[in-house]
Amino acid sequence: AGISVGEDGATHQCNEDIALMRTIPGMTVICPCDDIETKAAVKAAYEMDGPVYLRLGRLAAPVINKEDYKFEIGKGVKMREGSDVTIVATGLMVGYALEAAEKLAADGINAEVINIHTIKPLDEDIIVESAKKTGKVVTVEEHSVIGGLGSAVCDALSSKLPTKVTKLGVQDVFGHSGPAVELLKEFKLDGEGIYQQVKETLA
């Protein structure tokens, strides 16, 4: 799923699957960020009762987690401490969000990065806690900005801690055919693109 399936073309990109799956009663929606988290998520999905949608991409992703990583369905992971802005990411975007955070740090902006591998049920506590600290939230997903991670985060914050949220992702357009890395650049979902968009949000 996602635009990074690349060469298969827009007809084979699924940028609305998270939104669709979130609406199914009782469905658990998981989008792991790397090889280690994927293995742990498959095991956790097998062991739980009820339906699970496990969203996987095709593009090779850097390994972020250590081998002893403890995965828990419904529990977000703080990947980087920060105080100026919260970046909430899922799947392939977690690595790029961390890359963007490094670039922001060079500009004196301290970004907190949270990995939300389980979009449903959402770990609202970790998001609210971070939003209280930073006051600004940016969500990043390789998915439409309608109905996915960003919408789930907005749902949580609107009821618990109204906070300005900027949603980065596929902005209500169809995907395109092309090399995966180039498509991520085009949609501004690589490290540089996320960095630039977060800076614009904070300007």
# chains A, B, ... in the order shown; residues from 1 in each chain; ligands from 1
>>> select_by_dssp(residues="segment 107-180 of chain A", states="helix (DSSP H, G or I)", output="short mmCIF file (atom, residue, chain, number, x, y, z; two decimals) with C-alpha atoms, in the first residue's frame")
data_model
loop_
_atom_site.label_atom_id
_atom_site.label_comp_id
_atom_site.auth_asym_id
_atom_site.auth_seq_id
_atom_site.Cartn_x
_atom_site.Cartn_y
_atom_site.Cartn_z
CA GLU A 124 -4.35 8.77 22.60
CA ASP A 125 -2.41 9.21 25.84
CA ILE A 126 1.03 9.48 24.23
CA ILE A 127 -0.29 12.00 21.69
CA VAL A 128 -2.08 14.16 24.26
CA GLU A 129 0.95 14.11 26.56
CA SER A 130 3.23 15.27 23.76
CA ALA A 131 0.78 17.90 22.50
CA LYS A 132 0.57 19.38 26.00
CA LYS A 133 4.33 19.84 25.93
CA THR A 134 4.82 21.19 22.40
CA LEU A 149 -3.55 8.72 10.88
CA GLY A 150 -4.01 12.49 10.76
CA SER A 151 -7.77 12.20 11.11
CA ALA A 152 -7.41 9.74 14.00
CA VAL A 153 -5.06 12.14 15.80
CA CYS A 154 -7.43 15.05 15.19
CA ASP A 155 -10.33 13.02 16.56
CA ALA A 156 -8.40 12.35 19.75
CA LEU A 157 -7.10 15.89 20.27
CA SER A 158 -10.40 17.60 19.46
CA SER A 159 -12.06 15.84 22.37
CA LYS A 160 -9.19 15.78 24.85
CA ALA A 180 9.21 4.99 -5.36
#
>>> residues_around(residues="Leu104 of chain A", least_positions_apart="3", cutoff="10 Å", atoms="only C-alpha atoms", output="list in words")
Leu98, Glu99, Ala100, Ala101, Asp107, Gly108, Ile109, Asn110, Ala111, Glu192, Ile194, Tyr195, Gln196, Val198 and Lys199 of chain A
>>> write_last_selection(atoms="N, CA, C and O atoms", output="CSV table (one decimal), in the first residue's frame")
chain,number,residue,atom,x,y,z
A,98,LEU,N,12.2,11.0,11.5
A,98,LEU,CA,13.4,11.1,12.3
A,98,LEU,C,14.5,11.9,11.5
A,98,LEU,O,15.2,12.7,12.1
A,99,GLU,N,14.6,11.6,10.2
A,99,GLU,CA,15.5,12.3,9.4
A,99,GLU,C,15.2,13.8,9.4
A,99,GLU,O,16.1,14.7,9.5
A,100,ALA,N,13.9,14.1,9.2
A,100,ALA,CA,13.5,15.5,9.3
A,100,ALA,C,13.8,16.2,10.6
A,100,ALA,O,14.2,17.4,10.7
A,101,ALA,N,13.6,15.4,11.7
A,101,ALA,CA,13.9,16.0,13.0
A,101,ALA,C,15.3,16.3,13.2
A,101,ALA,O,15.7,17.3,13.9
A,107,ASP,N,18.5,23.5,12.8
A,107,ASP,CA,18.0,24.9,12.8
A,107,ASP,C,17.5,25.4,14.2
A,107,ASP,O,16.8,26.4,14.3
A,108,GLY,N,17.8,24.6,15.2
A,108,GLY,CA,17.4,25.0,16.5
A,108,GLY,C,16.0,24.6,16.9
A,108,GLY,O,15.5,25.1,17.9
A,109,ILE,N,15.4,23.8,16.1
A,109,ILE,CA,14.0,23.3,16.4
A,109,ILE,C,14.0,21.9,16.9
A,109,ILE,O,14.5,21.0,16.3
A,110,ASN,N,13.5,21.8,18.1
A,110,ASN,CA,13.5,20.5,18.8
A,110,ASN,C,12.2,19.7,18.6
A,110,ASN,O,11.2,20.0,19.3
A,111,ALA,N,12.2,18.8,17.7
A,111,ALA,CA,11.0,18.0,17.4
A,111,ALA,C,10.9,16.7,18.1
A,111,ALA,O,11.9,15.9,18.2
A,192,GLU,N,13.6,15.5,3.5
A,192,GLU,CA,13.7,16.9,3.1
A,192,GLU,C,12.3,17.5,3.0
A,192,GLU,O,12.1,18.6,3.5
A,194,ILE,N,9.4,16.6,4.4
A,194,ILE,CA,8.8,16.7,5.8
A,194,ILE,C,9.4,17.9,6.5
A,194,ILE,O,8.8,18.7,7.1
A,195,TYR,N,10.8,18.0,6.5
A,195,TYR,CA,11.5,19.1,7.1
A,195,TYR,C,11.0,20.4,6.6
A,195,TYR,O,10.7,21.3,7.5
A,196,GLN,N,10.9,20.6,5.3
A,196,GLN,CA,10.4,21.9,4.8
A,196,GLN,C,9.0,22.2,5.2
A,196,GLN,O,8.7,23.3,5.5
A,198,VAL,N,7.3,21.1,7.9
A,198,VAL,CA,7.2,21.4,9.3
A,198,VAL,C,7.7,22.8,9.5
A,198,VAL,O,7.1,23.5,10.3
A,199,LYS,N,8.8,23.2,8.9
A,199,LYS,CA,9.3,24.6,9.0
A,199,LYS,C,8.3,25.6,8.6
A,199,LYS,O,8.1,26.6,9.3
>>> closest_atom_pairs(of="segment 166-196 of chain A", to="segment 59-73 of chain A", cutoff="12 Å", atoms="only C-alpha atoms", output="JSON lines")
{"residue": "A:Pro179", "atom": "CA", "partner": "A:Leu59", "partner_atom": "CA", "distance": 10.0}
{"residue": "A:Ala180", "atom": "CA", "partner": "A:Leu59", "partner_atom": "CA", "distance": 7.0}
{"residue": "A:Val181", "atom": "CA", "partner": "A:Leu59", "partner_atom": "CA", "distance": 8.3}
{"residue": "A:Glu182", "atom": "CA", "partner": "A:Leu59", "partner_atom": "CA", "distance": 11.8}
{"residue": "A:Leu183", "atom": "CA", "partner": "A:Leu59", "partner_atom": "CA", "distance": 11.4}
{"residue": "A:Leu184", "atom": "CA", "partner": "A:Leu59", "partner_atom": "CA", "distance": 10.6}
{"residue": "A:Asp190", "atom": "CA", "partner": "A:Ala61", "partner_atom": "CA", "distance": 11.9}
>>> atom_distance(atom1="atom CA of Leu168 of chain A", atom2="atom CA of Gly148 of chain A")
10.8 Å
>>> residues_around(residues="Ala1 of chain A", least_positions_apart="3", cutoff="6 Å", atoms="only C-alpha atoms", output="MDAnalysis selection string")
chainID A and resid 13:14 57
>>> residues_around(residues="Thr139 of chain A", least_positions_apart="6", cutoff="9 Å", atoms="only C-alpha atoms", output="tab-separated table (two decimals) with N, CA, C and O atoms, in the first residue's frame")
chain	number	residue	atom	x	y	z
A	86	THR	N	5.49	18.34	17.81
A	86	THR	CA	5.33	16.89	17.84
A	86	THR	C	5.11	16.39	16.41
A	86	THR	O	4.22	16.88	15.72
A	87	ILE	N	5.92	15.44	15.98
A	87	ILE	CA	5.72	14.80	14.68
A	87	ILE	C	5.23	13.38	14.95
A	87	ILE	O	5.94	12.58	15.54
A	88	VAL	N	4.00	13.10	14.53
A	88	VAL	CA	3.40	11.78	14.71
A	88	VAL	C	3.42	11.08	13.36
A	88	VAL	O	2.84	11.57	12.39
A	89	ALA	N	4.11	9.95	13.28
A	89	ALA	CA	4.28	9.26	11.99
A	89	ALA	C	3.92	7.79	12.11
A	89	ALA	O	3.88	7.24	13.21
A	90	THR	N	3.68	7.18	10.96
A	90	THR	CA	3.39	5.75	10.93
A	90	THR	C	4.07	5.10	9.73
A	90	THR	O	4.30	5.75	8.71
A	145	VAL	N	-4.58	12.26	3.40
A	145	VAL	CA	-4.72	13.00	4.66
A	145	VAL	C	-6.15	12.93	5.16
A	145	VAL	O	-6.46	13.41	6.26
A	149	LEU	N	-4.21	8.40	9.61
A	149	LEU	CA	-3.55	8.72	10.88
A	149	LEU	C	-3.88	10.13	11.33
A	149	LEU	O	-4.24	10.37	12.49
A	150	GLY	N	-3.76	11.10	10.41
A	150	GLY	CA	-4.01	12.49	10.76
A	150	GLY	C	-5.42	12.70	11.29
A	150	GLY	O	-5.62	13.41	12.28
A	153	VAL	N	-5.69	11.25	14.82
A	153	VAL	CA	-5.06	12.14	15.80
A	153	VAL	C	-5.94	13.35	16.08
A	153	VAL	O	-6.12	13.76	17.23
A	165	VAL	N	-3.21	21.04	14.38
A	165	VAL	CA	-2.64	19.86	13.74
A	165	VAL	C	-2.48	20.12	12.24
A	165	VAL	O	-3.41	20.58	11.58
A	166	THR	N	-1.29	19.84	11.72
A	166	THR	CA	-1.04	19.90	10.28
A	166	THR	C	-0.87	18.48	9.79
A	166	THR	O	-0.05	17.72	10.32
A	167	LYS	N	-1.64	18.10	8.76
A	167	LYS	CA	-1.60	16.73	8.24
A	167	LYS	C	-0.79	16.67	6.95
A	167	LYS	O	-1.15	17.28	5.95
A	168	LEU	N	0.33	15.93	6.99
A	168	LEU	CA	1.15	15.72	5.80
A	168	LEU	C	0.86	14.33	5.25
A	168	LEU	O	0.76	13.36	6.00
A	169	GLY	N	0.72	14.25	3.94
A	169	GLY	CA	0.43	12.98	3.28
A	169	GLY	C	0.01	13.25	1.86
A	169	GLY	O	0.43	14.23	1.24
>>> closest_residue(among="A:Leu161, A:Ile30, A:Leu54, A:Val170", to="Ser4 of chain A", atoms="only C-alpha atoms")
A:Val170
>>> closest_residue(among="A:Asn115, A:Ser144, A:Gln171, A:Ser177", to="Glu37 of chain A", atoms="only C-alpha atoms")
A:Asn115
>>> closest_residue(among="A:Ile146, A:Val140, A:Leu122, A:Val94", to="Met27 of chain A", atoms="only C-alpha atoms")
A:Leu122
>>> atom_distance(atom1="atom CA of Lys185 of chain A", atom2="atom CA of Val113 of chain A")
20.3 Å
>>> closest_residue(among="A:Gln197, A:Thr118, A:Ser83, A:Asn15", to="Thr38 of chain A", atoms="only C-alpha atoms")
A:Thr118
>>> atom_distance(atom1="atom CA of Ile36 of chain A", atom2="atom CA of Asp84 of chain A")
29.2 Å
>>> select_by_dssp(residues="segment 1-182 of chain A", states="strand (DSSP E)", output="PDB file with N, CA, C and O atoms, in the first residue's frame")
ATOM      1  N   THR A  28      -8.547  -3.968  14.035  1.00  0.00           N
ATOM      2  CA  THR A  28      -7.283  -3.402  14.495  1.00  0.00           C
ATOM      3  C   THR A  28      -6.458  -3.059  13.260  1.00  0.00           C
ATOM      4  O   THR A  28      -6.351  -3.869  12.337  1.00  0.00           O
ATOM      5  N   VAL A  29      -5.888  -1.856  13.223  1.00  0.00           N
ATOM      6  CA  VAL A  29      -5.132  -1.389  12.060  1.00  0.00           C
ATOM      7  C   VAL A  29      -3.690  -1.112  12.467  1.00  0.00           C
ATOM      8  O   VAL A  29      -3.432  -0.249  13.312  1.00  0.00           O
ATOM      9  N   ILE A  30      -2.763  -1.858  11.867  1.00  0.00           N
ATOM     10  CA  ILE A  30      -1.346  -1.756  12.221  1.00  0.00           C
ATOM     11  C   ILE A  30      -0.522  -1.416  10.985  1.00  0.00           C
ATOM     12  O   ILE A  30      -0.719  -1.995   9.913  1.00  0.00           O
ATOM     13  N   VAL A  52      -7.505  -8.199  12.082  1.00  0.00           N
ATOM     14  CA  VAL A  52      -6.371  -7.268  12.050  1.00  0.00           C
ATOM     15  C   VAL A  52      -6.048  -6.929  10.605  1.00  0.00           C
ATOM     16  O   VAL A  52      -5.976  -7.817   9.748  1.00  0.00           O
ATOM     17  N   TYR A  53      -5.861  -5.638  10.339  1.00  0.00           N
ATOM     18  CA  TYR A  53      -5.362  -5.204   9.039  1.00  0.00           C
ATOM     19  C   TYR A  53      -3.922  -4.767   9.241  1.00  0.00           C
ATOM     20  O   TYR A  53      -3.637  -3.848  10.005  1.00  0.00           O
ATOM     21  N   LEU A  54      -3.004  -5.462   8.585  1.00  0.00           N
ATOM     22  CA  LEU A  54      -1.579  -5.172   8.711  1.00  0.00           C
ATOM     23  C   LEU A  54      -1.118  -4.535   7.402  1.00  0.00           C
ATOM     24  O   LEU A  54      -1.079  -5.190   6.361  1.00  0.00           O
ATOM     25  N   VAL A  77       5.127   4.718  20.370  1.00  0.00           N
ATOM     26  CA  VAL A  77       6.510   4.711  20.845  1.00  0.00           C
ATOM     27  C   VAL A  77       7.138   6.083  20.608  1.00  0.00           C
ATOM     28  O   VAL A  77       7.131   6.588  19.478  1.00  0.00           O
ATOM     29  N   LYS A  78       7.665   6.675  21.668  1.00  0.00           N
ATOM     30  CA  LYS A  78       8.377   7.943  21.527  1.00  0.00           C
ATOM     31  C   LYS A  78       9.777   7.646  21.009  1.00  0.00           C
ATOM     32  O   LYS A  78      10.590   7.037  21.699  1.00  0.00           O
ATOM     33  N   MET A  79      10.067   8.076  19.798  1.00  0.00           N
ATOM     34  CA  MET A  79      11.350   7.782  19.162  1.00  0.00           C
ATOM     35  C   MET A  79      12.394   8.861  19.450  1.00  0.00           C
ATOM     36  O   MET A  79      13.588   8.600  19.390  1.00  0.00           O
ATOM     37  N   ARG A  80      11.917  10.067  19.740  1.00  0.00           N
ATOM     38  CA  ARG A  80      12.819  11.189  19.978  1.00  0.00           C
ATOM     39  C   ARG A  80      12.114  12.201  20.867  1.00  0.00           C
ATOM     40  O   ARG A  80      10.963  12.547  20.637  1.00  0.00           O
ATOM     41  N   VAL A  85       7.745  20.945  18.691  1.00  0.00           N
ATOM     42  CA  VAL A  85       6.698  20.433  17.812  1.00  0.00           C
ATOM     43  C   VAL A  85       6.669  18.913  17.939  1.00  0.00           C
ATOM     44  O   VAL A  85       7.695  18.280  18.177  1.00  0.00           O
ATOM     45  N   THR A  86       5.494  18.344  17.809  1.00  0.00           N
ATOM     46  CA  THR A  86       5.333  16.886  17.838  1.00  0.00           C
ATOM     47  C   THR A  86       5.110  16.390  16.414  1.00  0.00           C
ATOM     48  O   THR A  86       4.218  16.877  15.715  1.00  0.00           O
ATOM     49  N   ILE A  87       5.919  15.443  15.978  1.00  0.00           N
ATOM     50  CA  ILE A  87       5.716  14.803  14.678  1.00  0.00           C
ATOM     51  C   ILE A  87       5.226  13.382  14.945  1.00  0.00           C
ATOM     52  O   ILE A  87       5.940  12.575  15.540  1.00  0.00           O
ATOM     53  N   VAL A  88       3.996  13.105  14.532  1.00  0.00           N
ATOM     54  CA  VAL A  88       3.401  11.779  14.709  1.00  0.00           C
ATOM     55  C   VAL A  88       3.423  11.079  13.357  1.00  0.00           C
ATOM     56  O   VAL A  88       2.836  11.574  12.393  1.00  0.00           O
ATOM     57  N   ALA A  89       4.113   9.950  13.277  1.00  0.00           N
ATOM     58  CA  ALA A  89       4.280   9.264  11.993  1.00  0.00           C
ATOM     59  C   ALA A  89       3.920   7.790  12.115  1.00  0.00           C
ATOM     60  O   ALA A  89       3.877   7.235  13.210  1.00  0.00           O
ATOM     61  N   ALA A 111      12.214  18.754  17.719  1.00  0.00           N
ATOM     62  CA  ALA A 111      10.996  18.021  17.370  1.00  0.00           C
ATOM     63  C   ALA A 111      10.908  16.693  18.107  1.00  0.00           C
ATOM     64  O   ALA A 111      11.878  15.934  18.154  1.00  0.00           O
ATOM     65  N   GLU A 112       9.742  16.442  18.680  1.00  0.00           N
ATOM     66  CA  GLU A 112       9.473  15.138  19.280  1.00  0.00           C
ATOM     67  C   GLU A 112       8.874  14.236  18.206  1.00  0.00           C
ATOM     68  O   GLU A 112       7.980  14.666  17.470  1.00  0.00           O
ATOM     69  N   VAL A 113       9.354  13.011  18.101  1.00  0.00           N
ATOM     70  CA  VAL A 113       8.859  12.088  17.073  1.00  0.00           C
ATOM     71  C   VAL A 113       8.208  10.884  17.746  1.00  0.00           C
ATOM     72  O   VAL A 113       8.814  10.225  18.587  1.00  0.00           O
ATOM     73  N   ILE A 114       6.965  10.629  17.361  1.00  0.00           N
ATOM     74  CA  ILE A 114       6.216   9.503  17.915  1.00  0.00           C
ATOM     75  C   ILE A 114       5.852   8.535  16.798  1.00  0.00           C
ATOM     76  O   ILE A 114       5.313   8.933  15.758  1.00  0.00           O
ATOM     77  N   ASN A 115       6.146   7.277  17.022  1.00  0.00           N
ATOM     78  CA  ASN A 115       5.777   6.211  16.084  1.00  0.00           C
ATOM     79  C   ASN A 115       4.423   5.640  16.508  1.00  0.00           C
ATOM     80  O   ASN A 115       4.298   5.003  17.548  1.00  0.00           O
ATOM     81  N   THR A 118       0.114   1.461  15.616  1.00  0.00           N
ATOM     82  CA  THR A 118      -1.280   1.011  15.667  1.00  0.00           C
ATOM     83  C   THR A 118      -2.187   2.231  15.540  1.00  0.00           C
ATOM     84  O   THR A 118      -2.249   3.053  16.449  1.00  0.00           O
ATOM     85  N   ILE A 119      -2.860   2.339  14.420  1.00  0.00           N
ATOM     86  CA  ILE A 119      -3.717   3.490  14.179  1.00  0.00           C
ATOM     87  C   ILE A 119      -5.097   3.270  14.793  1.00  0.00           C
ATOM     88  O   ILE A 119      -5.786   4.205  15.180  1.00  0.00           O
ATOM     89  N   LYS A 120      -5.488   2.023  14.917  1.00  0.00           N
ATOM     90  CA  LYS A 120      -6.718   1.662  15.618  1.00  0.00           C
ATOM     91  C   LYS A 120      -6.485   0.352  16.356  1.00  0.00           C
ATOM     92  O   LYS A 120      -6.169  -0.645  15.702  1.00  0.00           O
ATOM     93  N   LYS A 136       2.027  22.020  19.324  1.00  0.00           N
ATOM     94  CA  LYS A 136       1.873  21.938  17.869  1.00  0.00           C
ATOM     95  C   LYS A 136       2.099  20.489  17.430  1.00  0.00           C
ATOM     96  O   LYS A 136       3.059  19.853  17.875  1.00  0.00           O
ATOM     97  N   VAL A 137       1.227  19.989  16.547  1.00  0.00           N
ATOM     98  CA  VAL A 137       1.323  18.595  16.102  1.00  0.00           C
ATOM     99  C   VAL A 137       1.314  18.532  14.577  1.00  0.00           C
ATOM    100  O   VAL A 137       0.520  19.200  13.913  1.00  0.00           O
ATOM    101  N   VAL A 138       2.213  17.714  14.049  1.00  0.00           N
ATOM    102  CA  VAL A 138       2.258  17.433  12.605  1.00  0.00           C
ATOM    103  C   VAL A 138       2.155  15.924  12.440  1.00  0.00           C
ATOM    104  O   VAL A 138       2.903  15.175  13.079  1.00  0.00           O
ATOM    105  N   THR A 139       1.213  15.462  11.620  1.00  0.00           N
ATOM    106  CA  THR A 139       1.107  14.025  11.347  1.00  0.00           C
ATOM    107  C   THR A 139       1.667  13.740   9.964  1.00  0.00           C
ATOM    108  O   THR A 139       1.549  14.566   9.055  1.00  0.00           O
ATOM    109  N   VAL A 140       2.294  12.573   9.817  1.00  0.00           N
ATOM    110  CA  VAL A 140       2.911  12.209   8.546  1.00  0.00           C
ATOM    111  C   VAL A 140       2.532  10.780   8.195  1.00  0.00           C
ATOM    112  O   VAL A 140       2.767   9.850   8.978  1.00  0.00           O
ATOM    113  N   GLU A 141       1.937  10.603   7.021  1.00  0.00           N
ATOM    114  CA  GLU A 141       1.517   9.272   6.586  1.00  0.00           C
ATOM    115  C   GLU A 141       1.630   9.129   5.076  1.00  0.00           C
ATOM    116  O   GLU A 141       1.433  10.092   4.335  1.00  0.00           O
ATOM    117  N   GLU A 142       1.943   7.928   4.649  1.00  0.00           N
ATOM    118  CA  GLU A 142       1.986   7.612   3.214  1.00  0.00           C
ATOM    119  C   GLU A 142       0.582   7.135   2.814  1.00  0.00           C
ATOM    120  O   GLU A 142       0.359   5.981   2.475  1.00  0.00           O
ATOM    121  N   HIS A 143      -0.350   8.054   2.885  1.00  0.00           N
ATOM    122  CA  HIS A 143      -1.772   7.746   2.786  1.00  0.00           C
ATOM    123  C   HIS A 143      -2.492   9.069   2.586  1.00  0.00           C
ATOM    124  O   HIS A 143      -1.924  10.142   2.828  1.00  0.00           O
ATOM    125  N   SER A 144      -3.713   9.029   2.150  1.00  0.00           N
ATOM    126  CA  SER A 144      -4.498  10.250   2.053  1.00  0.00           C
ATOM    127  C   SER A 144      -4.572  10.934   3.414  1.00  0.00           C
ATOM    128  O   SER A 144      -4.650  10.265   4.450  1.00  0.00           O
ATOM    129  N   LYS A 164      -3.521  22.691  17.425  1.00  0.00           N
ATOM    130  CA  LYS A 164      -3.332  22.856  15.989  1.00  0.00           C
ATOM    131  C   LYS A 164      -2.620  21.625  15.426  1.00  0.00           C
ATOM    132  O   LYS A 164      -1.568  21.224  15.925  1.00  0.00           O
ATOM    133  N   VAL A 165      -3.212  21.043  14.380  1.00  0.00           N
ATOM    134  CA  VAL A 165      -2.639  19.856  13.737  1.00  0.00           C
ATOM    135  C   VAL A 165      -2.477  20.121  12.244  1.00  0.00           C
ATOM    136  O   VAL A 165      -3.405  20.578  11.584  1.00  0.00           O
ATOM    137  N   THR A 166      -1.292  19.838  11.719  1.00  0.00           N
ATOM    138  CA  THR A 166      -1.041  19.904  10.284  1.00  0.00           C
ATOM    139  C   THR A 166      -0.869  18.481   9.785  1.00  0.00           C
ATOM    140  O   THR A 166      -0.052  17.725  10.318  1.00  0.00           O
ATOM    141  N   LYS A 167      -1.644  18.102   8.761  1.00  0.00           N
ATOM    142  CA  LYS A 167      -1.604  16.735   8.245  1.00  0.00           C
ATOM    143  C   LYS A 167      -0.791  16.671   6.951  1.00  0.00           C
ATOM    144  O   LYS A 167      -1.152  17.278   5.946  1.00  0.00           O
ATOM    145  N   LEU A 168       0.326  15.927   6.993  1.00  0.00           N
ATOM    146  CA  LEU A 168       1.154  15.715   5.804  1.00  0.00           C
ATOM    147  C   LEU A 168       0.861  14.328   5.247  1.00  0.00           C
ATOM    148  O   LEU A 168       0.761  13.361   5.996  1.00  0.00           O
ATOM    149  N   GLY A 169       0.720  14.248   3.939  1.00  0.00           N
ATOM    150  CA  GLY A 169       0.429  12.980   3.285  1.00  0.00           C
ATOM    151  C   GLY A 169       0.008  13.245   1.856  1.00  0.00           C
ATOM    152  O   GLY A 169       0.428  14.231   1.239  1.00  0.00           O
ATOM    153  N   VAL A 170      -0.835  12.391   1.321  1.00  0.00           N
ATOM    154  CA  VAL A 170      -1.364  12.573  -0.033  1.00  0.00           C
ATOM    155  C   VAL A 170      -2.557  13.521   0.071  1.00  0.00           C
ATOM    156  O   VAL A 170      -3.565  13.190   0.694  1.00  0.00           O
TER     157      VAL A 170
END
>>> closest_residue(among="A:Gly135, A:Pro25, A:Gly95, A:Pro121", to="Leu202 of chain A", atoms="only C-alpha atoms")
A:Gly135
